[in-house]
$ cat coords.txt   # compact mmCIF, N, CA and C atoms
# COMPACT_ATOMS: atom_id res chain seq x y z
N MET A 679 82.78 -1.60 38.54
CA MET A 679 84.04 -1.47 37.84
C MET A 679 85.15 -1.44 38.89
N ASP A 680 86.09 -2.38 38.78
CA ASP A 680 87.24 -2.46 39.69
C ASP A 680 88.43 -1.79 39.01
N VAL A 681 88.88 -0.66 39.57
CA VAL A 681 89.92 0.14 38.92
C VAL A 681 91.16 0.18 39.81
N ASN A 682 92.31 -0.09 39.19
CA ASN A 682 93.60 -0.01 39.88
C ASN A 682 94.56 0.87 39.08
N LEU A 683 95.38 1.61 39.81
CA LEU A 683 96.50 2.32 39.22
C LEU A 683 97.74 1.55 39.62
N VAL A 684 98.48 1.04 38.65
CA VAL A 684 99.69 0.26 38.91
C VAL A 684 100.88 1.20 38.72
N LEU A 685 101.61 1.42 39.81
CA LEU A 685 102.77 2.30 39.80
C LEU A 685 104.01 1.51 39.42
N PHE A 686 104.79 2.07 38.49
CA PHE A 686 106.06 1.47 38.10
C PHE A 686 107.17 2.19 38.86
N LYS A 687 107.88 1.45 39.70
CA LYS A 687 108.97 2.02 40.48
C LYS A 687 110.28 1.92 39.70
N LYS A 688 111.25 2.76 40.08
CA LYS A 688 112.54 2.79 39.38
C LYS A 688 113.27 1.45 39.45
N ASP A 689 113.08 0.72 40.54
CA ASP A 689 113.78 -0.56 40.69
C ASP A 689 113.10 -1.71 39.94
N GLY A 690 112.03 -1.39 39.18
CA GLY A 690 111.33 -2.41 38.40
C GLY A 690 110.13 -2.99 39.13
N ALA A 691 110.00 -2.71 40.41
CA ALA A 691 108.86 -3.22 41.17
C ALA A 691 107.59 -2.47 40.76
N GLN A 692 106.46 -3.05 41.09
CA GLN A 692 105.16 -2.44 40.80
C GLN A 692 104.32 -2.45 42.07
N GLN A 693 103.47 -1.45 42.19
CA GLN A 693 102.56 -1.39 43.33
C GLN A 693 101.20 -0.93 42.82
N ALA A 694 100.15 -1.66 43.18
CA ALA A 694 98.81 -1.34 42.72
C ALA A 694 98.05 -0.57 43.80
N PHE A 695 97.32 0.44 43.35
CA PHE A 695 96.46 1.23 44.22
C PHE A 695 95.05 1.16 43.67
N SER A 696 94.09 0.72 44.48
CA SER A 696 92.71 0.71 43.99
C SER A 696 92.08 2.06 44.31
N LEU A 697 91.19 2.49 43.45
CA LEU A 697 90.53 3.77 43.65
C LEU A 697 89.53 3.63 44.81
N PRO A 698 89.64 4.51 45.80
CA PRO A 698 88.83 4.36 47.01
C PRO A 698 87.35 4.72 46.84
N SER A 699 87.03 5.55 45.84
CA SER A 699 85.63 5.95 45.65
C SER A 699 85.41 6.33 44.19
N ASN A 700 84.19 6.79 43.89
CA ASN A 700 83.87 7.18 42.52
C ASN A 700 84.61 8.45 42.09
N ILE A 701 85.02 9.26 43.05
CA ILE A 701 85.82 10.45 42.77
C ILE A 701 87.08 10.35 43.60
N THR A 702 88.22 10.35 42.92
CA THR A 702 89.52 10.21 43.59
C THR A 702 90.39 11.41 43.22
N ILE A 703 90.84 12.13 44.24
CA ILE A 703 91.74 13.26 44.04
C ILE A 703 93.16 12.77 44.30
N ILE A 704 94.05 13.07 43.35
CA ILE A 704 95.46 12.71 43.48
C ILE A 704 96.26 14.00 43.60
N GLY A 705 97.14 14.03 44.59
CA GLY A 705 97.95 15.23 44.77
C GLY A 705 98.91 15.10 45.93
N ARG A 706 99.59 16.20 46.24
CA ARG A 706 100.61 16.23 47.27
C ARG A 706 100.03 16.42 48.67
N ARG A 707 98.85 17.03 48.76
CA ARG A 707 98.25 17.31 50.07
C ARG A 707 97.91 16.02 50.80
N HIS A 708 98.06 16.05 52.11
CA HIS A 708 97.80 14.84 52.91
C HIS A 708 96.34 14.44 52.90
N ASP A 709 95.42 15.36 52.56
CA ASP A 709 94.01 15.01 52.55
C ASP A 709 93.52 14.52 51.18
N CYS A 710 94.43 14.35 50.22
CA CYS A 710 94.05 13.77 48.92
C CYS A 710 93.80 12.28 49.09
N ASP A 711 92.97 11.72 48.21
CA ASP A 711 92.67 10.28 48.27
C ASP A 711 93.91 9.44 47.99
N LEU A 712 94.73 9.91 47.07
CA LEU A 712 96.02 9.27 46.79
C LEU A 712 97.07 10.36 46.93
N CYS A 713 97.81 10.31 48.03
CA CYS A 713 98.79 11.35 48.34
C CYS A 713 100.15 10.96 47.77
N ILE A 714 100.71 11.86 46.96
CA ILE A 714 102.05 11.68 46.38
C ILE A 714 102.90 12.84 46.90
N PRO A 715 103.66 12.62 47.98
CA PRO A 715 104.39 13.72 48.62
C PRO A 715 105.70 14.09 47.91
N LEU A 716 105.58 14.49 46.65
CA LEU A 716 106.74 14.89 45.85
C LEU A 716 106.50 16.29 45.31
N MET A 717 107.52 17.13 45.32
CA MET A 717 107.37 18.53 44.92
C MET A 717 106.87 18.73 43.48
N PRO A 718 107.23 17.90 42.50
CA PRO A 718 106.69 18.13 41.15
C PRO A 718 105.18 17.88 41.04
N VAL A 719 104.60 17.27 42.08
CA VAL A 719 103.16 16.99 42.09
C VAL A 719 102.46 18.17 42.77
N SER A 720 101.42 18.70 42.14
CA SER A 720 100.68 19.82 42.74
C SER A 720 99.89 19.34 43.94
N ARG A 721 99.51 20.30 44.78
CA ARG A 721 98.76 19.95 46.00
C ARG A 721 97.51 19.15 45.65
N LYS A 722 96.74 19.64 44.70
CA LYS A 722 95.63 18.88 44.13
C LYS A 722 95.92 18.81 42.65
N HIS A 723 96.42 17.67 42.19
CA HIS A 723 96.98 17.54 40.85
C HIS A 723 95.92 17.16 39.81
N CYS A 724 95.20 16.07 40.07
CA CYS A 724 94.20 15.62 39.11
C CYS A 724 93.10 14.85 39.83
N GLN A 725 92.04 14.61 39.09
CA GLN A 725 90.88 13.90 39.63
C GLN A 725 90.46 12.79 38.69
N LEU A 726 90.21 11.63 39.26
CA LEU A 726 89.63 10.52 38.51
C LEU A 726 88.19 10.38 38.97
N SER A 727 87.27 10.30 38.03
CA SER A 727 85.86 10.12 38.38
C SER A 727 85.27 9.02 37.52
N GLN A 728 84.48 8.18 38.18
CA GLN A 728 83.89 7.07 37.45
C GLN A 728 82.39 7.00 37.71
N ASN A 729 81.69 6.58 36.67
CA ASN A 729 80.27 6.25 36.80
C ASN A 729 80.08 4.93 36.07
N LYS A 730 78.86 4.53 35.86
CA LYS A 730 78.62 3.23 35.22
C LYS A 730 79.13 3.16 33.78
N GLU A 731 79.15 4.31 33.09
CA GLU A 731 79.53 4.32 31.68
C GLU A 731 81.02 4.55 31.43
N ALA A 732 81.66 5.39 32.26
CA ALA A 732 83.02 5.80 31.90
C ALA A 732 83.85 6.16 33.12
N LEU A 733 85.14 6.18 32.87
CA LEU A 733 86.13 6.63 33.85
C LEU A 733 86.84 7.81 33.20
N LYS A 734 86.88 8.94 33.89
CA LYS A 734 87.49 10.15 33.32
C LYS A 734 88.59 10.65 34.23
N ILE A 735 89.55 11.34 33.61
CA ILE A 735 90.61 12.01 34.34
C ILE A 735 90.56 13.49 33.98
N ARG A 736 90.77 14.33 34.98
CA ARG A 736 90.76 15.78 34.76
C ARG A 736 91.93 16.39 35.52
N ASP A 737 92.71 17.17 34.82
CA ASP A 737 93.80 17.90 35.45
C ASP A 737 93.19 19.04 36.26
N LEU A 738 93.71 19.27 37.47
CA LEU A 738 93.18 20.32 38.34
C LEU A 738 94.09 21.55 38.31
N ASP A 739 94.40 22.00 37.10
CA ASP A 739 95.28 23.15 36.90
C ASP A 739 96.64 22.96 37.58
N SER A 740 97.17 21.76 37.45
CA SER A 740 98.47 21.46 38.05
C SER A 740 99.57 22.21 37.33
N ARG A 741 100.63 22.50 38.04
CA ARG A 741 101.74 23.26 37.46
C ARG A 741 102.46 22.46 36.37
N ASN A 742 102.73 21.17 36.63
CA ASN A 742 103.50 20.35 35.69
C ASN A 742 102.65 19.50 34.77
N GLY A 743 101.34 19.56 34.91
CA GLY A 743 100.45 18.86 34.00
C GLY A 743 100.22 17.39 34.33
N THR A 744 99.17 16.88 33.75
CA THR A 744 98.81 15.48 33.83
C THR A 744 98.92 14.93 32.41
N PHE A 745 99.55 13.78 32.27
CA PHE A 745 99.81 13.22 30.94
C PHE A 745 99.11 11.88 30.79
N LEU A 746 98.47 11.70 29.65
CA LEU A 746 97.80 10.45 29.31
C LEU A 746 98.46 9.91 28.05
N ASN A 747 99.10 8.76 28.18
CA ASN A 747 99.79 8.13 27.05
C ASN A 747 100.77 9.09 26.38
N GLY A 748 101.46 9.87 27.21
CA GLY A 748 102.50 10.76 26.72
C GLY A 748 102.04 12.14 26.29
N LYS A 749 100.73 12.41 26.31
CA LYS A 749 100.22 13.72 25.88
C LYS A 749 99.59 14.44 27.07
N ARG A 750 99.92 15.72 27.18
CA ARG A 750 99.34 16.53 28.26
C ARG A 750 97.85 16.70 28.00
N ILE A 751 97.06 16.55 29.06
CA ILE A 751 95.60 16.60 28.90
C ILE A 751 94.99 17.57 29.90
N ASP A 752 93.76 18.00 29.58
CA ASP A 752 92.93 18.74 30.52
C ASP A 752 91.90 17.78 31.10
N GLU A 753 91.18 17.11 30.20
CA GLU A 753 90.19 16.12 30.62
C GLU A 753 90.04 15.10 29.51
N GLU A 754 90.03 13.82 29.89
CA GLU A 754 89.90 12.74 28.90
C GLU A 754 89.16 11.56 29.52
N THR A 755 88.59 10.74 28.65
CA THR A 755 88.01 9.47 29.08
C THR A 755 89.11 8.43 29.04
N LEU A 756 89.17 7.60 30.08
CA LEU A 756 90.22 6.59 30.20
C LEU A 756 89.74 5.23 29.75
N LYS A 757 90.71 4.40 29.38
CA LYS A 757 90.41 3.00 29.05
C LYS A 757 91.51 2.12 29.64
N ALA A 758 91.22 0.87 29.81
CA ALA A 758 92.20 -0.08 30.35
C ALA A 758 93.46 -0.05 29.51
N GLY A 759 94.62 -0.03 30.17
CA GLY A 759 95.89 -0.03 29.46
C GLY A 759 96.48 1.35 29.25
N ASP A 760 95.74 2.40 29.60
CA ASP A 760 96.27 3.76 29.47
C ASP A 760 97.38 3.98 30.49
N TYR A 761 98.33 4.84 30.12
CA TYR A 761 99.41 5.24 31.02
C TYR A 761 99.15 6.68 31.47
N ILE A 762 99.20 6.88 32.77
CA ILE A 762 98.99 8.20 33.36
C ILE A 762 100.29 8.62 34.03
N LYS A 763 100.76 9.82 33.69
CA LYS A 763 101.98 10.33 34.31
C LYS A 763 101.62 11.54 35.15
N ILE A 764 101.99 11.47 36.41
CA ILE A 764 101.75 12.55 37.37
C ILE A 764 103.09 12.85 38.01
N GLY A 765 103.62 14.04 37.73
CA GLY A 765 104.97 14.35 38.21
C GLY A 765 105.94 13.33 37.63
N PRO A 766 106.83 12.78 38.47
CA PRO A 766 107.79 11.82 37.95
C PRO A 766 107.27 10.37 37.92
N LEU A 767 106.02 10.16 38.34
CA LEU A 767 105.48 8.81 38.46
C LEU A 767 104.61 8.43 37.28
N THR A 768 104.73 7.17 36.85
CA THR A 768 103.90 6.65 35.78
C THR A 768 103.07 5.49 36.31
N PHE A 769 101.78 5.54 36.01
CA PHE A 769 100.83 4.50 36.40
C PHE A 769 100.22 3.88 35.16
N LEU A 770 99.90 2.59 35.25
CA LEU A 770 99.11 1.90 34.22
C LEU A 770 97.71 1.75 34.77
N LEU A 771 96.71 2.07 33.97
CA LEU A 771 95.33 1.93 34.39
C LEU A 771 94.85 0.51 34.11
N GLN A 772 94.39 -0.14 35.15
CA GLN A 772 93.90 -1.51 35.04
C GLN A 772 92.42 -1.49 35.44
N ILE A 773 91.56 -1.95 34.54
CA ILE A 773 90.12 -1.98 34.80
C ILE A 773 89.65 -3.43 34.73
N ASP A 774 89.04 -3.88 35.83
CA ASP A 774 88.54 -5.27 35.92
C ASP A 774 89.60 -6.28 35.51
N GLY A 775 90.84 -6.04 35.96
CA GLY A 775 91.94 -6.97 35.71
C GLY A 775 92.57 -6.87 34.34
N GLU A 776 92.14 -5.93 33.52
CA GLU A 776 92.69 -5.76 32.17
C GLU A 776 93.51 -4.48 32.11
N PRO A 777 94.63 -4.44 31.47
CA PRO A 777 95.33 -5.58 30.87
C PRO A 777 95.90 -6.49 31.96
N LYS A 778 95.97 -7.77 31.65
CA LYS A 778 96.51 -8.74 32.61
C LYS A 778 98.00 -8.51 32.82
N GLU A 779 98.71 -8.25 31.74
CA GLU A 779 100.16 -8.02 31.82
C GLU A 779 100.42 -6.53 32.01
N THR A 780 101.13 -6.20 33.09
CA THR A 780 101.43 -4.80 33.37
C THR A 780 102.90 -4.55 33.08
N VAL A 781 103.15 -3.76 32.03
CA VAL A 781 104.52 -3.46 31.62
C VAL A 781 104.69 -1.95 31.57
N PRO A 782 105.91 -1.46 31.89
CA PRO A 782 106.16 -0.03 31.80
C PRO A 782 105.97 0.47 30.37
N PRO A 783 105.67 1.75 30.18
CA PRO A 783 105.39 2.25 28.83
C PRO A 783 106.55 2.07 27.86
N GLU A 784 107.79 2.19 28.34
CA GLU A 784 108.94 2.02 27.44
C GLU A 784 108.99 0.60 26.88
N GLN A 785 108.72 -0.39 27.73
CA GLN A 785 108.71 -1.78 27.29
C GLN A 785 107.54 -2.03 26.35
N ALA A 786 106.39 -1.46 26.64
CA ALA A 786 105.22 -1.63 25.76
C ALA A 786 105.50 -1.05 24.38
N GLU A 787 106.17 0.11 24.33
CA GLU A 787 106.53 0.70 23.04
C GLU A 787 107.46 -0.20 22.25
N ARG A 788 108.50 -0.74 22.94
CA ARG A 788 109.44 -1.63 22.25
C ARG A 788 108.73 -2.86 21.70
N GLU A 789 107.85 -3.46 22.52
CA GLU A 789 107.14 -4.67 22.09
C GLU A 789 106.20 -4.39 20.93
N SER A 790 105.51 -3.25 20.95
CA SER A 790 104.60 -2.95 19.84
C SER A 790 105.38 -2.63 18.57
N ALA A 791 106.55 -2.02 18.71
CA ALA A 791 107.39 -1.73 17.53
C ALA A 791 107.89 -3.03 16.91
N GLN A 792 108.19 -4.02 17.75
CA GLN A 792 108.68 -5.31 17.23
C GLN A 792 107.56 -6.07 16.54
N LYS A 793 106.32 -5.92 17.01
CA LYS A 793 105.18 -6.64 16.44
C LYS A 793 104.64 -5.97 15.19
N ALA A 794 104.93 -4.69 15.02
CA ALA A 794 104.37 -3.94 13.89
C ALA A 794 104.93 -4.48 12.57
N PRO A 795 104.06 -4.59 11.56
CA PRO A 795 104.56 -5.05 10.26
C PRO A 795 105.48 -3.99 9.67
N PRO A 796 106.42 -4.42 8.83
CA PRO A 796 107.32 -3.44 8.22
C PRO A 796 106.53 -2.42 7.41
N ALA A 797 107.00 -1.22 7.41
CA ALA A 797 106.30 -0.15 6.69
C ALA A 797 106.34 -0.44 5.20
N ALA A 798 105.21 -0.24 4.56
CA ALA A 798 105.14 -0.45 3.10
C ALA A 798 105.87 0.68 2.41
N LYS A 799 106.53 0.33 1.32
CA LYS A 799 107.23 1.36 0.56
C LYS A 799 106.21 2.24 -0.14
N ALA A 800 106.45 3.51 -0.09
CA ALA A 800 105.57 4.46 -0.78
C ALA A 800 105.72 4.28 -2.28
N PRO A 801 104.62 4.31 -3.00
CA PRO A 801 104.74 4.18 -4.46
C PRO A 801 105.53 5.35 -5.01
N ALA A 802 106.36 5.04 -5.98
CA ALA A 802 107.18 6.09 -6.60
C ALA A 802 106.31 6.94 -7.50
N ASP A 803 106.75 8.11 -7.72
CA ASP A 803 106.06 9.03 -8.61
C ASP A 803 106.14 8.47 -10.03
N GLU A 804 104.99 8.37 -10.70
CA GLU A 804 104.98 7.80 -12.06
C GLU A 804 105.85 8.58 -13.02
N ASP A 805 105.92 9.90 -12.84
CA ASP A 805 106.73 10.72 -13.73
C ASP A 805 108.19 10.32 -13.66
N SER A 806 108.66 9.94 -12.47
CA SER A 806 110.07 9.56 -12.36
C SER A 806 110.34 8.27 -13.15
N PHE A 807 109.35 7.36 -13.21
CA PHE A 807 109.53 6.16 -14.01
C PHE A 807 109.59 6.51 -15.49
N LEU A 808 108.74 7.44 -15.91
CA LEU A 808 108.75 7.85 -17.31
C LEU A 808 110.09 8.46 -17.69
N GLU A 809 110.62 9.26 -16.80
CA GLU A 809 111.91 9.87 -17.08
C GLU A 809 112.99 8.80 -17.21
N LEU A 810 112.95 7.80 -16.31
CA LEU A 810 113.94 6.73 -16.40
C LEU A 810 113.77 5.95 -17.70
N ASP A 811 112.53 5.63 -18.05
CA ASP A 811 112.29 4.88 -19.28
C ASP A 811 112.77 5.67 -20.50
N GLU A 812 112.47 6.96 -20.54
CA GLU A 812 112.87 7.78 -21.67
C GLU A 812 114.40 7.85 -21.76
N SER A 813 115.06 8.00 -20.63
CA SER A 813 116.52 8.11 -20.69
C SER A 813 117.13 6.78 -21.10
N ASP A 814 116.52 5.65 -20.64
CA ASP A 814 117.03 4.34 -21.04
C ASP A 814 116.92 4.15 -22.56
N SER A 815 115.77 4.52 -23.12
CA SER A 815 115.61 4.36 -24.57
C SER A 815 116.53 5.32 -25.33
N PHE A 816 116.73 6.49 -24.76
CA PHE A 816 117.66 7.45 -25.39
C PHE A 816 119.07 6.88 -25.39
N LEU A 817 119.51 6.26 -24.27
CA LEU A 817 120.84 5.66 -24.21
C LEU A 817 120.95 4.49 -25.18
N ALA A 818 119.89 3.71 -25.30
CA ALA A 818 119.93 2.59 -26.23
C ALA A 818 120.07 3.09 -27.67
N GLU A 819 119.39 4.17 -28.01
CA GLU A 819 119.52 4.74 -29.34
C GLU A 819 120.94 5.23 -29.60
N LEU A 820 121.59 5.81 -28.58
CA LEU A 820 122.96 6.27 -28.74
C LEU A 820 123.90 5.12 -28.99
N GLU A 821 123.67 4.00 -28.30
CA GLU A 821 124.54 2.84 -28.46
C GLU A 821 124.42 2.26 -29.87
N ASP A 822 123.24 2.38 -30.48
CA ASP A 822 123.03 1.86 -31.83
C ASP A 822 123.76 2.67 -32.88
N LEU A 823 124.12 3.90 -32.57
CA LEU A 823 124.79 4.77 -33.55
C LEU A 823 126.21 4.39 -33.80

$ encode --input "coords.txt" --output "structure tokens"
Amino acid sequence: MDVNLVLFKKDGAQQAFSLPSNITIIGRRHDCDLCIPLMPVSRKHCQLSQNKEALKIRDLDSRNGTFLNGKRIDEETLKAGDYIKIGPLTFLLQIDGEPKETVPPEQAERESAQKAPPAAKAPADEDSFLELDESDSFLAELEDL
């Protein structure tokens, strides 16, 4: 399994980092496998571990948390296309070249919202139709008088 973390920079550039081993520690300490020297990142922030079946992420009791697709997590199984947020940085998880297109999460949200079919109208309460029908017939009877 070839795994990359694609970092989205503020200027729109991207940088890919391949995982160096089956267990990768991400954090602020210089001895982490992926060192992020920023104060919002804990010394040992999170761990990525992979085996033949799965790739998992585990928060290492970081102060600011590890986020997967916008939700704070303790431990989760990852899949291609997931977004991981560590401190102020957002990464896209790419596994064996998938997804081919790497877009920031905000752009992905906009694109999926544009592709989504319009929401179906909720069926109205049948009682409200009965009330309308009854009032219409009542008004018609009044007009006949």

$ residues_near_point --input "coords.txt" --point "(94.9, 21.4, 49.6)" --cutoff "8 Å" --atoms "only C-alpha atoms" --output "number ranges by chain"
A: 707-710, 721-722

$ residues_around --input "coords.txt" --residues "A:Met679" --least-positions-apart "4" --cutoff "8 Å" --atoms "all atoms listed in the file" --output "list in words"
Asn729, Lys730, Ile773, Asp774 and Gly775 of chain A

$ axis_aligned_box --input "coords.txt" --around "stretch 762-773 of chain A" --padding-each-side "6 Å" --output "AutoDock Vina command-line options"
--center_x 98.7 --center_y 5.5 --center_z 35.6 --size_x 30.1 --size_y 29.8 --size_z 17.7

$ closest_residue --input "coords.txt" --among "A:Ile704, A:Glu779, A:Lys757, A:Gln728" --to "A:Thr744" --atoms "only C-alpha atoms"
A:Ile704

$ atom_distance --input "coords.txt" --atom1 "atom CA of A:Phe695" --atom2 "atom C of A:Arg788"
26.0 Å

$ atom_distance --input "coords.txt" --atom1 "atom N of A:Val681" --atom2 "atom C of A:Met717"
26.7 Å

$ select_by_dssp --input "coords.txt" --residues "stretch 689-817 of chain A" --states "alpha helix (DSSP H)" --output "list in words"
Pro783, Glu784, Gln785, Ala786, Glu787, Arg788, Glu789, Ser790, Ala791, Gln792, Lys793, Glu804, Asp805, Ser806, Phe807, Leu808, Glu809, Leu810, Asp811, Glu812, Ser813, Asp814, Ser815, Phe816 and Leu817 of chain A

$ write_last_selection --input "coords.txt" --atoms "N, CA and C atoms" --output "mmCIF file, in the frame of the given file"
data_model
loop_
_atom_site.group_PDB
_atom_site.id
_atom_site.type_symbol
_atom_site.label_atom_id
_atom_site.label_comp_id
_atom_site.auth_asym_id
_atom_site.auth_seq_id
_atom_site.Cartn_x
_atom_site.Cartn_y
_atom_site.Cartn_z
ATOM 1 N N PRO A 783 105.670 1.750 30.180
ATOM 2 C CA PRO A 783 105.390 2.250 28.830
ATOM 3 C C PRO A 783 106.550 2.070 27.860
ATOM 4 N N GLU A 784 107.790 2.190 28.340
ATOM 5 C CA GLU A 784 108.940 2.020 27.440
ATOM 6 C C GLU A 784 108.990 0.600 26.880
ATOM 7 N N GLN A 785 108.720 -0.390 27.730
ATOM 8 C CA GLN A 785 108.710 -1.780 27.290
ATOM 9 C C GLN A 785 107.540 -2.030 26.350
ATOM 10 N N ALA A 786 106.390 -1.460 26.640
ATOM 11 C CA ALA A 786 105.220 -1.630 25.760
ATOM 12 C C ALA A 786 105.500 -1.050 24.380
ATOM 13 N N GLU A 787 106.170 0.110 24.330
ATOM 14 C CA GLU A 787 106.530 0.700 23.040
ATOM 15 C C GLU A 787 107.460 -0.200 22.250
ATOM 16 N N ARG A 788 108.500 -0.740 22.940
ATOM 17 C CA ARG A 788 109.440 -1.630 22.250
ATOM 18 C C ARG A 788 108.730 -2.860 21.700
ATOM 19 N N GLU A 789 107.850 -3.460 22.520
ATOM 20 C CA GLU A 789 107.140 -4.670 22.090
ATOM 21 C C GLU A 789 106.200 -4.390 20.930
ATOM 22 N N SER A 790 105.510 -3.250 20.950
ATOM 23 C CA SER A 790 104.600 -2.950 19.840
ATOM 24 C C SER A 790 105.380 -2.630 18.570
ATOM 25 N N ALA A 791 106.550 -2.020 18.710
ATOM 26 C CA ALA A 791 107.390 -1.730 17.530
ATOM 27 C C ALA A 791 107.890 -3.030 16.910
ATOM 28 N N GLN A 792 108.190 -4.020 17.750
ATOM 29 C CA GLN A 792 108.680 -5.310 17.230
ATOM 30 C C GLN A 792 107.560 -6.070 16.540
ATOM 31 N N LYS A 793 106.320 -5.920 17.010
ATOM 32 C CA LYS A 793 105.180 -6.640 16.440
ATOM 33 C C LYS A 793 104.640 -5.970 15.190
ATOM 34 N N GLU A 804 104.990 8.370 -10.700
ATOM 35 C CA GLU A 804 104.980 7.800 -12.060
ATOM 36 C C GLU A 804 105.850 8.580 -13.020
ATOM 37 N N ASP A 805 105.920 9.900 -12.840
ATOM 38 C CA ASP A 805 106.730 10.720 -13.730
ATOM 39 C C ASP A 805 108.190 10.320 -13.660
ATOM 40 N N SER A 806 108.660 9.940 -12.470
ATOM 41 C CA SER A 806 110.070 9.560 -12.360
ATOM 42 C C SER A 806 110.340 8.270 -13.150
ATOM 43 N N PHE A 807 109.350 7.360 -13.210
ATOM 44 C CA PHE A 807 109.530 6.160 -14.010
ATOM 45 C C PHE A 807 109.590 6.510 -15.490
ATOM 46 N N LEU A 808 108.740 7.440 -15.910
ATOM 47 C CA LEU A 808 108.750 7.850 -17.310
ATOM 48 C C LEU A 808 110.090 8.460 -17.690
ATOM 49 N N GLU A 809 110.620 9.260 -16.800
ATOM 50 C CA GLU A 809 111.910 9.870 -17.080
ATOM 51 C C GLU A 809 112.990 8.800 -17.210
ATOM 52 N N LEU A 810 112.950 7.800 -16.310
ATOM 53 C CA LEU A 810 113.940 6.730 -16.400
ATOM 54 C C LEU A 810 113.770 5.950 -17.700
ATOM 55 N N ASP A 811 112.530 5.630 -18.050
ATOM 56 C CA ASP A 811 112.290 4.880 -19.280
ATOM 57 C C ASP A 811 112.770 5.670 -20.500
ATOM 58 N N GLU A 812 112.470 6.960 -20.540
ATOM 59 C CA GLU A 812 112.870 7.780 -21.670
ATOM 60 C C GLU A 812 114.400 7.850 -21.760
ATOM 61 N N SER A 813 115.060 8.000 -20.630
ATOM 62 C CA SER A 813 116.520 8.110 -20.690
ATOM 63 C C SER A 813 117.130 6.780 -21.100
ATOM 64 N N ASP A 814 116.520 5.650 -20.640
ATOM 65 C CA ASP A 814 117.030 4.340 -21.040
ATOM 66 C C ASP A 814 116.920 4.150 -22.560
ATOM 67 N N SER A 815 115.770 4.520 -23.120
ATOM 68 C CA SER A 815 115.610 4.360 -24.570
ATOM 69 C C SER A 815 116.530 5.320 -25.330
ATOM 70 N N PHE A 816 116.730 6.490 -24.760
ATOM 71 C CA PHE A 816 117.660 7.450 -25.390
ATOM 72 C C PHE A 816 119.070 6.880 -25.390
ATOM 73 N N LEU A 817 119.510 6.260 -24.270
ATOM 74 C CA LEU A 817 120.840 5.660 -24.210
ATOM 75 C C LEU A 817 120.950 4.490 -25.180
#

$ residues_around --input "coords.txt" --residues "A:Phe686" --least-positions-apart "3" --cutoff "8 Å" --atoms "all atoms listed in the file" --output "list in words"
Leu683, Asp689, Gly690, Ala691, Gln692, Gln693, Ala694, Leu767, Thr768, Phe769, Leu770, Val781, Pro782 and Pro783 of chain A

$ select_by_dssp --input "coords.txt" --residues "stretch 695-735 of chain A" --states "strand (DSSP E or B)" --output "list in words"
Phe695, Ser696, Ile701, Thr702, Ile703, Ile704, Gly705, Leu712, Cys713, Cys724, Gln725, Leu726, Ser727, Gln728, Leu733, Lys734 and Ile735 of chain A

$ residues_around --input "coords.txt" --residues "stretch 751-755 of chain A" --least-positions-apart "6" --cutoff "10 Å" --atoms "only C-alpha atoms" --output "NGL selection string"
:A and (724-728 or 732-740 or 743-745)

$ closest_residue --input "coords.txt" --among "A:Ser699, A:Glu731, A:Ala791, A:Leu771" --to "A:Asn682" --atoms "all atoms listed in the file"
A:Leu771

$ closest_residue --input "coords.txt" --among "A:Asp711, A:Pro718, A:Gln785, A:Pro698" --to "A:Pro766" --atoms "only N, CA and C atoms"
A:Pro718

$ atom_distance --input "coords.txt" --atom1 "atom CA of A:Arg741" --atom2 "atom CA of A:Arg706"
12.1 Å

$ residues_near_point --input "coords.txt" --point "(96.2, 7.0, 26.3)" --cutoff "8 Å" --atoms "only N, CA and C atoms" --output "PyMOL selection string"
chain A and resi 745-749+755-757+759-762

$ closest_residue --input "coords.txt" --among "A:Glu789, A:Glu784, A:Asp680, A:Glu776" --to "A:Ser696" --atoms "all atoms listed in the file"
A:Asp680

$ decode --input "coords.txt" --residues "stretch 759-765 of chain A" --atoms "N, CA, C and O atoms" --output "PDB file, in the first residue's frame"
ATOM      1  N   GLY A 759      -8.990   9.580   0.230  1.00  0.00           N
ATOM      2  CA  GLY A 759      -9.847  10.754   0.096  1.00  0.00           C
ATOM      3  C   GLY A 759     -10.217  11.400   1.417  1.00  0.00           C
ATOM      4  O   GLY A 759     -10.840  12.463   1.428  1.00  0.00           O
ATOM      5  N   ASP A 760      -9.845  10.783   2.539  1.00  0.00           N
ATOM      6  CA  ASP A 760     -10.125  11.382   3.841  1.00  0.00           C
ATOM      7  C   ASP A 760      -9.260  12.624   4.040  1.00  0.00           C
ATOM      8  O   ASP A 760      -8.132  12.701   3.545  1.00  0.00           O
ATOM      9  N   TYR A 761      -9.804  13.579   4.800  1.00  0.00           N
ATOM     10  CA  TYR A 761      -9.072  14.784   5.169  1.00  0.00           C
ATOM     11  C   TYR A 761      -8.682  14.689   6.642  1.00  0.00           C
ATOM     12  O   TYR A 761      -9.527  14.405   7.487  1.00  0.00           O
ATOM     13  N   ILE A 762      -7.415  14.917   6.908  1.00  0.00           N
ATOM     14  CA  ILE A 762      -6.887  14.873   8.267  1.00  0.00           C
ATOM     15  C   ILE A 762      -6.404  16.272   8.623  1.00  0.00           C
ATOM     16  O   ILE A 762      -5.626  16.871   7.877  1.00  0.00           O
ATOM     17  N   LYS A 763      -6.877  16.776   9.763  1.00  0.00           N
ATOM     18  CA  LYS A 763      -6.447  18.098  10.216  1.00  0.00           C
ATOM     19  C   LYS A 763      -5.645  17.931  11.498  1.00  0.00           C
ATOM     20  O   LYS A 763      -6.126  17.341  12.468  1.00  0.00           O
ATOM     21  N   ILE A 764      -4.435  18.454  11.468  1.00  0.00           N
ATOM     22  CA  ILE A 764      -3.522  18.410  12.607  1.00  0.00           C
ATOM     23  C   ILE A 764      -3.075  19.838  12.843  1.00  0.00           C
ATOM     24  O   ILE A 764      -2.397  20.425  11.992  1.00  0.00           O
ATOM     25  N   GLY A 765      -3.496  20.409  13.966  1.00  0.00           N
ATOM     26  CA  GLY A 765      -3.201  21.821  14.204  1.00  0.00           C
ATOM     27  C   GLY A 765      -3.836  22.637  13.089  1.00  0.00           C
ATOM     28  O   GLY A 765      -4.976  22.392  12.694  1.00  0.00           O
TER      29      GLY A 765
END
